[in-house]
Amino acid sequence: MPPPVVQTELPAGALGWSRMISEPITSITYLILSVASIAFFGTVLVRSAEELERCTNVGQFAVGFLLLSVVTSLPEFTVAVFATAQDVVGITIGDILGSNVVNIAFVGAMVLVLARTIEVRTMLLDELAGVLYFSSLIPLILSIFAAVSRGFGVVLLSFFVVYSYFAMKRGRSIMEEDRGPSMPRRVKARILLMIVIGALGVIVSASFLVGSASTVAELFGLSKLVIGAKVVSIATSVPELVVTIVAVRRGLHDMALGNAIGSNLTNVSLILGLVLVLSPLGVSLQAYSIATAFLLIVTSSFWYFLSRGKLSRMAGLTLLMLYVAFLVVLN
């Protein structure tokens, strides 16, 4: 008599429950690992860029905007490329707008909380005014149109190049007599190698971040805007937060603000311009009205505190409260 056959396969219902439990856990695990990986490689990028900054001659604020804000915006840049390629543009639009809210209401607020009080010099006020103005005006204008196409993307990319040129030119004219020491070639080669390693690490991490974020959004019934603005934006803003804290601890307040606020202009000109150029279809920002409105609110609030001549810890706490409200309201 043959031995009884033992059923090793799980019943269909058990398999269904197993998948319902394992898929969210796997996706969330990938999401957490992607965030941690971006934080690590973003830190490598920031430290390497900071070393490279020592031999530049474009001024503290210009370095924060031109060098650090572009380097720390590489996660947003990479997310934009992968999200557009995977036809989940909603994630990267939410990431761009959400990151801009994070940069002012969280990263910028951390500058004020850690520094306690920052005296606003006329030169710093002029620099920040231009960045805040254009980083708010661009999404406001684009939200009026039913859809924006590649032509707008080309305009935004051109604007970023022109603005960067004049910012660098102005910084050099101010810092012409304060040249940094020359670096040995071996040191420069090491720094550039670390920048390349950090960049590659961020690119790979961001590719996993987009896929896992999209899966989590679908599993939990969240819109791509929400997952982009609440989760991905925080992950991609980790490098800005790291370099801001380092700069504040060293007393480089202009550089910290140049990085935090300058990243906003980078996001809405360079990154958004790239999304529009790469996207085969027109993109409408009207669906992101809540995120755009909060961006205008936090920018206006920061400008109000800035115009008073002092940036205090109380201003930082107020901005943090606005960020909490952003997380609560955006659903």
# chains A, B, ... in the order shown; residues from 1 in each chain; ligands from 1

$ residues_around --residues "stretch 270-272 of chain A" --least-positions-apart "4" --cutoff "12 Å" --atoms "only C-alpha atoms" --output "PDB file with C-alpha atoms, in the first residue's frame"
ATOM      1  CA  LEU A  66      25.962  76.430  -7.933  1.00  0.00           C
ATOM      2  CA  SER A  69      22.525  72.699  -4.487  1.00  0.00           C
ATOM      3  CA  VAL A  70      23.169  71.011  -7.834  1.00  0.00           C
ATOM      4  CA  SER A  73      19.701  67.781  -6.115  1.00  0.00           C
ATOM      5  CA  LEU A  74      21.156  64.778  -7.919  1.00  0.00           C
ATOM      6  CA  PRO A  75      18.639  62.445  -6.187  1.00  0.00           C
ATOM      7  CA  GLU A  76      15.745  64.546  -7.562  1.00  0.00           C
ATOM      8  CA  PHE A  77      17.471  64.552 -10.952  1.00  0.00           C
ATOM      9  CA  THR A  78      17.860  60.765 -10.930  1.00  0.00           C
ATOM     10  CA  VAL A  79      14.320  60.170  -9.677  1.00  0.00           C
ATOM     11  CA  ALA A  80      13.070  62.408 -12.495  1.00  0.00           C
ATOM     12  CA  VAL A  81      14.900  60.356 -15.128  1.00  0.00           C
ATOM     13  CA  ALA A  83      10.180  58.120 -13.056  1.00  0.00           C
ATOM     14  CA  THR A  84       9.776  59.606 -16.535  1.00  0.00           C
ATOM     15  CA  VAL A  89       5.684  61.363 -13.866  1.00  0.00           C
ATOM     16  CA  GLY A  90       3.338  62.034 -10.949  1.00  0.00           C
ATOM     17  CA  THR A  92       8.669  63.137  -9.781  1.00  0.00           C
ATOM     18  CA  ILE A  93       6.325  66.168  -9.944  1.00  0.00           C
ATOM     19  CA  GLY A  94       5.262  65.436  -6.378  1.00  0.00           C
ATOM     20  CA  ASP A  95       8.933  64.967  -5.478  1.00  0.00           C
ATOM     21  CA  ILE A  96       9.914  68.333  -6.992  1.00  0.00           C
ATOM     22  CA  LEU A  97       7.142  70.329  -5.320  1.00  0.00           C
ATOM     23  CA  SER A  99      11.202  68.759  -2.002  1.00  0.00           C
ATOM     24  CA  ASN A 100      10.843  72.523  -2.385  1.00  0.00           C
ATOM     25  CA  SER A 135      11.441  79.363  -7.551  1.00  0.00           C
ATOM     26  CA  ILE A 138       7.857  79.282 -12.164  1.00  0.00           C
ATOM     27  CA  PRO A 139       5.448  76.667 -10.682  1.00  0.00           C
ATOM     28  CA  LEU A 142       3.061  76.640 -15.104  1.00  0.00           C
ATOM     29  CA  VAL A 148       3.014  72.181 -20.554  1.00  0.00           C
ATOM     30  CA  SER A 149       5.225  70.481 -23.109  1.00  0.00           C
ATOM     31  CA  ARG A 150       8.844  70.116 -24.152  1.00  0.00           C
ATOM     32  CA  PHE A 152       8.550  74.895 -21.681  1.00  0.00           C
ATOM     33  CA  GLY A 153      11.180  72.390 -20.599  1.00  0.00           C
ATOM     34  CA  VAL A 154      13.740  73.916 -22.949  1.00  0.00           C
ATOM     35  CA  VAL A 155      12.886  77.390 -21.601  1.00  0.00           C
ATOM     36  CA  LEU A 156      13.377  76.222 -17.999  1.00  0.00           C
ATOM     37  CA  LEU A 157      16.719  74.545 -18.769  1.00  0.00           C
ATOM     38  CA  SER A 158      17.912  77.683 -20.571  1.00  0.00           C
ATOM     39  CA  PHE A 159      16.838  79.825 -17.620  1.00  0.00           C
ATOM     40  CA  PHE A 160      18.860  77.658 -15.227  1.00  0.00           C
ATOM     41  CA  VAL A 161      22.009  77.995 -17.363  1.00  0.00           C
ATOM     42  CA  VAL A 162      21.649  81.789 -17.670  1.00  0.00           C
ATOM     43  CA  TYR A 163      20.880  82.315 -13.969  1.00  0.00           C
ATOM     44  CA  SER A 164      23.800  80.096 -12.922  1.00  0.00           C
ATOM     45  CA  GLY A 262      19.124  77.316  -4.123  1.00  0.00           C
ATOM     46  CA  SER A 263      18.010  73.708  -4.450  1.00  0.00           C
ATOM     47  CA  ASN A 264      14.472  74.984  -4.985  1.00  0.00           C
ATOM     48  CA  LEU A 265      15.459  76.913  -8.089  1.00  0.00           C
ATOM     49  CA  THR A 266      17.449  73.909  -9.303  1.00  0.00           C
ATOM     50  CA  LEU A 276       9.156  68.175 -19.489  1.00  0.00           C
ATOM     51  CA  VAL A 277      11.790  67.530 -22.160  1.00  0.00           C
ATOM     52  CA  LEU A 278      11.854  63.763 -21.531  1.00  0.00           C
ATOM     53  CA  SER A 279       8.095  63.285 -21.104  1.00  0.00           C
ATOM     54  CA  VAL A 283       2.288  67.551 -18.142  1.00  0.00           C
ATOM     55  CA  SER A 284      -0.343  69.483 -16.202  1.00  0.00           C
ATOM     56  CA  LEU A 285       0.524  71.052 -12.863  1.00  0.00           C
TER      57      LEU A 285
END

$ select_by_dssp --residues "stretch 71-248 of chain A" --states "alpha helix (DSSP H)" --output "ChimeraX atom specification"
/A:71-72,74-85,89-102,109-115,122-142,150-174,185-219,224-226,233-236,238-248

$ atom_distance --atom1 "atom CA of A:Tyr304" --atom2 "atom CA of A:Ile104"
12.9 Å

$ residues_around --residues "stretch 188-205 of chain A" --least-positions-apart "2" --cutoff "10 Å" --atoms "only C-alpha atoms" --output "short mmCIF file (atom, residue, chain, number, x, y, z; two decimals) with N, CA and C atoms, in the first residue's frame"
data_model
loop_
_atom_site.label_atom_id
_atom_site.label_comp_id
_atom_site.auth_asym_id
_atom_site.auth_seq_id
_atom_site.Cartn_x
_atom_site.Cartn_y
_atom_site.Cartn_z
N TYR A 30 12.34 47.57 0.54
CA TYR A 30 13.11 48.18 -0.55
C TYR A 30 13.10 49.70 -0.44
N LEU A 31 11.94 50.25 -0.07
CA LEU A 31 11.82 51.70 0.06
C LEU A 31 12.75 52.23 1.15
N LEU A 33 15.44 50.71 2.43
CA LEU A 33 16.84 50.51 2.03
C LEU A 33 17.27 51.55 0.99
N SER A 34 16.36 51.91 0.09
CA SER A 34 16.67 52.93 -0.91
C SER A 34 16.91 54.28 -0.26
N VAL A 35 16.06 54.63 0.71
CA VAL A 35 16.23 55.89 1.44
C VAL A 35 17.57 55.92 2.16
N ALA A 36 17.89 54.81 2.86
CA ALA A 36 19.16 54.73 3.59
C ALA A 36 20.35 54.81 2.63
N SER A 37 20.23 54.16 1.47
CA SER A 37 21.32 54.18 0.49
C SER A 37 21.53 55.57 -0.08
N ILE A 38 20.42 56.28 -0.38
CA ILE A 38 20.54 57.65 -0.88
C ILE A 38 21.17 58.54 0.18
N ALA A 39 20.80 58.33 1.44
CA ALA A 39 21.38 59.12 2.52
C ALA A 39 22.89 58.90 2.60
N PHE A 40 23.33 57.64 2.47
CA PHE A 40 24.76 57.33 2.57
C PHE A 40 25.54 57.93 1.40
N PHE A 41 25.11 57.60 0.18
CA PHE A 41 25.85 58.09 -0.99
C PHE A 41 25.69 59.60 -1.17
N GLY A 42 24.54 60.13 -0.73
CA GLY A 42 24.38 61.58 -0.75
C GLY A 42 25.36 62.27 0.18
N THR A 43 25.62 61.64 1.33
CA THR A 43 26.61 62.18 2.26
C THR A 43 28.00 62.15 1.67
N VAL A 44 28.32 61.07 0.96
CA VAL A 44 29.62 60.98 0.26
C VAL A 44 29.75 62.12 -0.74
N LEU A 45 28.67 62.37 -1.49
CA LEU A 45 28.69 63.46 -2.47
C LEU A 45 28.90 64.81 -1.80
N VAL A 46 28.17 65.03 -0.71
CA VAL A 46 28.24 66.32 -0.03
C VAL A 46 29.64 66.59 0.51
N ARG A 47 30.23 65.59 1.16
CA ARG A 47 31.57 65.79 1.73
C ARG A 47 32.61 66.04 0.64
N SER A 48 32.48 65.32 -0.48
CA SER A 48 33.42 65.51 -1.59
C SER A 48 33.26 66.90 -2.21
N ALA A 49 31.99 67.32 -2.37
CA ALA A 49 31.74 68.64 -2.93
C ALA A 49 32.24 69.74 -2.00
N GLU A 50 32.12 69.49 -0.70
CA GLU A 50 32.59 70.47 0.27
C GLU A 50 34.11 70.63 0.18
N GLU A 51 34.83 69.52 0.00
CA GLU A 51 36.28 69.60 -0.17
C GLU A 51 36.64 70.34 -1.45
N LEU A 52 35.89 70.06 -2.51
CA LEU A 52 36.17 70.72 -3.78
C LEU A 52 35.89 72.21 -3.70
N CYS A 55 38.67 75.18 -2.94
CA CYS A 55 39.58 75.79 -3.91
C CYS A 55 38.84 76.61 -4.96
N VAL A 71 24.64 69.46 -6.67
CA VAL A 71 25.08 68.13 -6.24
C VAL A 71 24.02 67.45 -5.37
N THR A 72 23.48 68.21 -4.40
CA THR A 72 22.49 67.61 -3.51
C THR A 72 21.13 67.41 -4.18
N LEU A 74 20.98 65.94 -7.05
CA LEU A 74 21.16 64.78 -7.92
C LEU A 74 20.12 63.68 -7.66
N PRO A 75 19.71 63.43 -6.39
CA PRO A 75 18.64 62.44 -6.19
C PRO A 75 17.35 62.82 -6.91
N GLU A 76 16.94 64.12 -6.83
CA GLU A 76 15.74 64.55 -7.56
C GLU A 76 15.94 64.37 -9.06
N PHE A 77 17.14 64.70 -9.53
CA PHE A 77 17.47 64.55 -10.95
C PHE A 77 17.34 63.09 -11.39
N THR A 78 17.90 62.19 -10.59
CA THR A 78 17.86 60.76 -10.93
C THR A 78 16.45 60.21 -10.85
N VAL A 79 15.71 60.60 -9.80
CA VAL A 79 14.32 60.17 -9.68
C VAL A 79 13.52 60.65 -10.88
N VAL A 81 14.56 61.16 -13.95
CA VAL A 81 14.90 60.36 -15.13
C VAL A 81 14.20 59.00 -15.08
N PHE A 82 14.31 58.30 -13.95
CA PHE A 82 13.72 56.97 -13.84
C PHE A 82 12.20 57.02 -13.81
N SER A 182 45.67 76.41 -4.11
CA SER A 182 45.62 75.40 -5.18
C SER A 182 45.72 74.01 -4.57
N MET A 183 45.10 73.05 -5.23
CA MET A 183 45.07 71.68 -4.73
C MET A 183 46.02 70.81 -5.54
N PRO A 184 46.73 69.89 -4.89
CA PRO A 184 47.54 68.93 -5.63
C PRO A 184 46.64 68.05 -6.51
N ARG A 185 47.21 67.60 -7.62
CA ARG A 185 46.42 66.78 -8.55
C ARG A 185 45.92 65.50 -7.89
N ARG A 186 46.73 64.91 -7.02
CA ARG A 186 46.33 63.68 -6.37
C ARG A 186 45.09 63.88 -5.51
N SER A 207 16.90 54.54 -8.61
CA SER A 207 16.13 53.65 -9.49
C SER A 207 15.28 52.69 -8.67
N PHE A 208 15.83 52.15 -7.56
CA PHE A 208 15.06 51.29 -6.67
C PHE A 208 13.99 52.10 -5.92
N LEU A 209 14.32 53.34 -5.59
CA LEU A 209 13.39 54.19 -4.85
C LEU A 209 12.12 54.44 -5.65
N VAL A 210 12.27 54.74 -6.94
CA VAL A 210 11.11 55.01 -7.79
C VAL A 210 10.22 53.79 -7.89
N THR A 236 14.90 62.30 -1.03
CA THR A 236 15.79 63.03 -1.92
C THR A 236 16.30 64.33 -1.32
#

$ residues_around --residues "A:Val107" --least-positions-apart "4" --cutoff "10 Å" --atoms "only C-alpha atoms" --output "list in words"
Ser99, Asn100, Val101, Val102, Asn103, Val111, Leu112, Val113, Ser237, Val238, Glu240, Leu241, Val242, Val243, Thr244, Ile245, Ala256, Leu257, Asn259, Ala260, Ile261, Gly316, Leu319 and Leu320 of chain A

$ write_last_selection --atoms "N, CA and C atoms" --output "short mmCIF file (atom, residue, chain, number, x, y, z; two decimals), in the first residue's frame"
data_model
loop_
_atom_site.label_atom_id
_atom_site.label_comp_id
_atom_site.auth_asym_id
_atom_site.auth_seq_id
_atom_site.Cartn_x
_atom_site.Cartn_y
_atom_site.Cartn_z
N SER A 99 9.82 68.46 -2.40
CA SER A 99 11.20 68.76 -2.00
C SER A 99 11.39 70.25 -1.76
N ASN A 100 10.72 71.08 -2.58
CA ASN A 100 10.84 72.52 -2.39
C ASN A 100 10.21 72.97 -1.07
N VAL A 101 9.10 72.33 -0.70
CA VAL A 101 8.50 72.61 0.61
C VAL A 101 9.44 72.14 1.72
N VAL A 102 10.01 70.95 1.55
CA VAL A 102 10.95 70.40 2.53
C VAL A 102 12.17 71.30 2.67
N ASN A 103 12.71 71.79 1.55
CA ASN A 103 13.92 72.60 1.58
C ASN A 103 13.75 73.88 2.40
N VAL A 111 18.24 75.27 9.67
CA VAL A 111 19.31 76.28 9.71
C VAL A 111 19.01 77.29 10.82
N LEU A 112 17.76 77.75 10.88
CA LEU A 112 17.39 78.78 11.86
C LEU A 112 17.36 78.22 13.27
N VAL A 113 16.89 76.99 13.42
CA VAL A 113 16.82 76.38 14.77
C VAL A 113 18.23 76.14 15.31
N SER A 237 15.72 64.76 -0.20
CA SER A 237 16.19 65.98 0.47
C SER A 237 17.20 65.69 1.57
N VAL A 238 17.50 64.42 1.80
CA VAL A 238 18.48 64.06 2.84
C VAL A 238 19.85 64.72 2.58
N GLU A 240 20.54 67.56 1.10
CA GLU A 240 20.43 68.97 1.46
C GLU A 240 20.50 69.15 2.97
N LEU A 241 19.81 68.26 3.69
CA LEU A 241 19.79 68.36 5.15
C LEU A 241 21.18 68.12 5.72
N VAL A 242 21.90 67.14 5.18
CA VAL A 242 23.24 66.81 5.67
C VAL A 242 24.19 67.99 5.48
N VAL A 243 24.25 68.52 4.26
CA VAL A 243 25.19 69.61 3.99
C VAL A 243 24.80 70.88 4.74
N THR A 244 23.51 71.08 4.97
CA THR A 244 23.05 72.26 5.71
C THR A 244 23.51 72.19 7.15
N ILE A 245 23.35 71.04 7.78
CA ILE A 245 23.77 70.88 9.18
C ILE A 245 25.29 71.07 9.31
N ALA A 256 24.85 77.55 3.78
CA ALA A 256 23.74 76.67 4.16
C ALA A 256 22.44 77.13 3.52
N LEU A 257 22.18 78.44 3.58
CA LEU A 257 20.96 78.97 2.97
C LEU A 257 21.04 78.90 1.45
N ASN A 259 22.47 76.61 -0.25
CA ASN A 259 22.19 75.23 -0.62
C ASN A 259 20.71 74.90 -0.48
N ALA A 260 20.12 75.23 0.69
CA ALA A 260 18.72 74.88 0.96
C ALA A 260 17.77 75.60 0.01
N ILE A 261 17.94 76.92 -0.14
CA ILE A 261 17.03 77.70 -0.97
C ILE A 261 17.40 77.56 -2.45
N GLY A 316 12.15 79.60 12.47
CA GLY A 316 12.38 78.22 12.11
C GLY A 316 11.30 77.30 12.63
N LEU A 319 8.16 77.67 10.54
CA LEU A 319 8.27 76.95 9.26
C LEU A 319 8.09 75.45 9.46
N LEU A 320 8.61 74.92 10.56
CA LEU A 320 8.43 73.49 10.85
C LEU A 320 6.95 73.16 11.06
#

$ select_by_dssp --residues "stretch 232-312 of chain A" --states "strand (DSSP E or B)" --output "ChimeraX atom specification"
/A:283,310-312
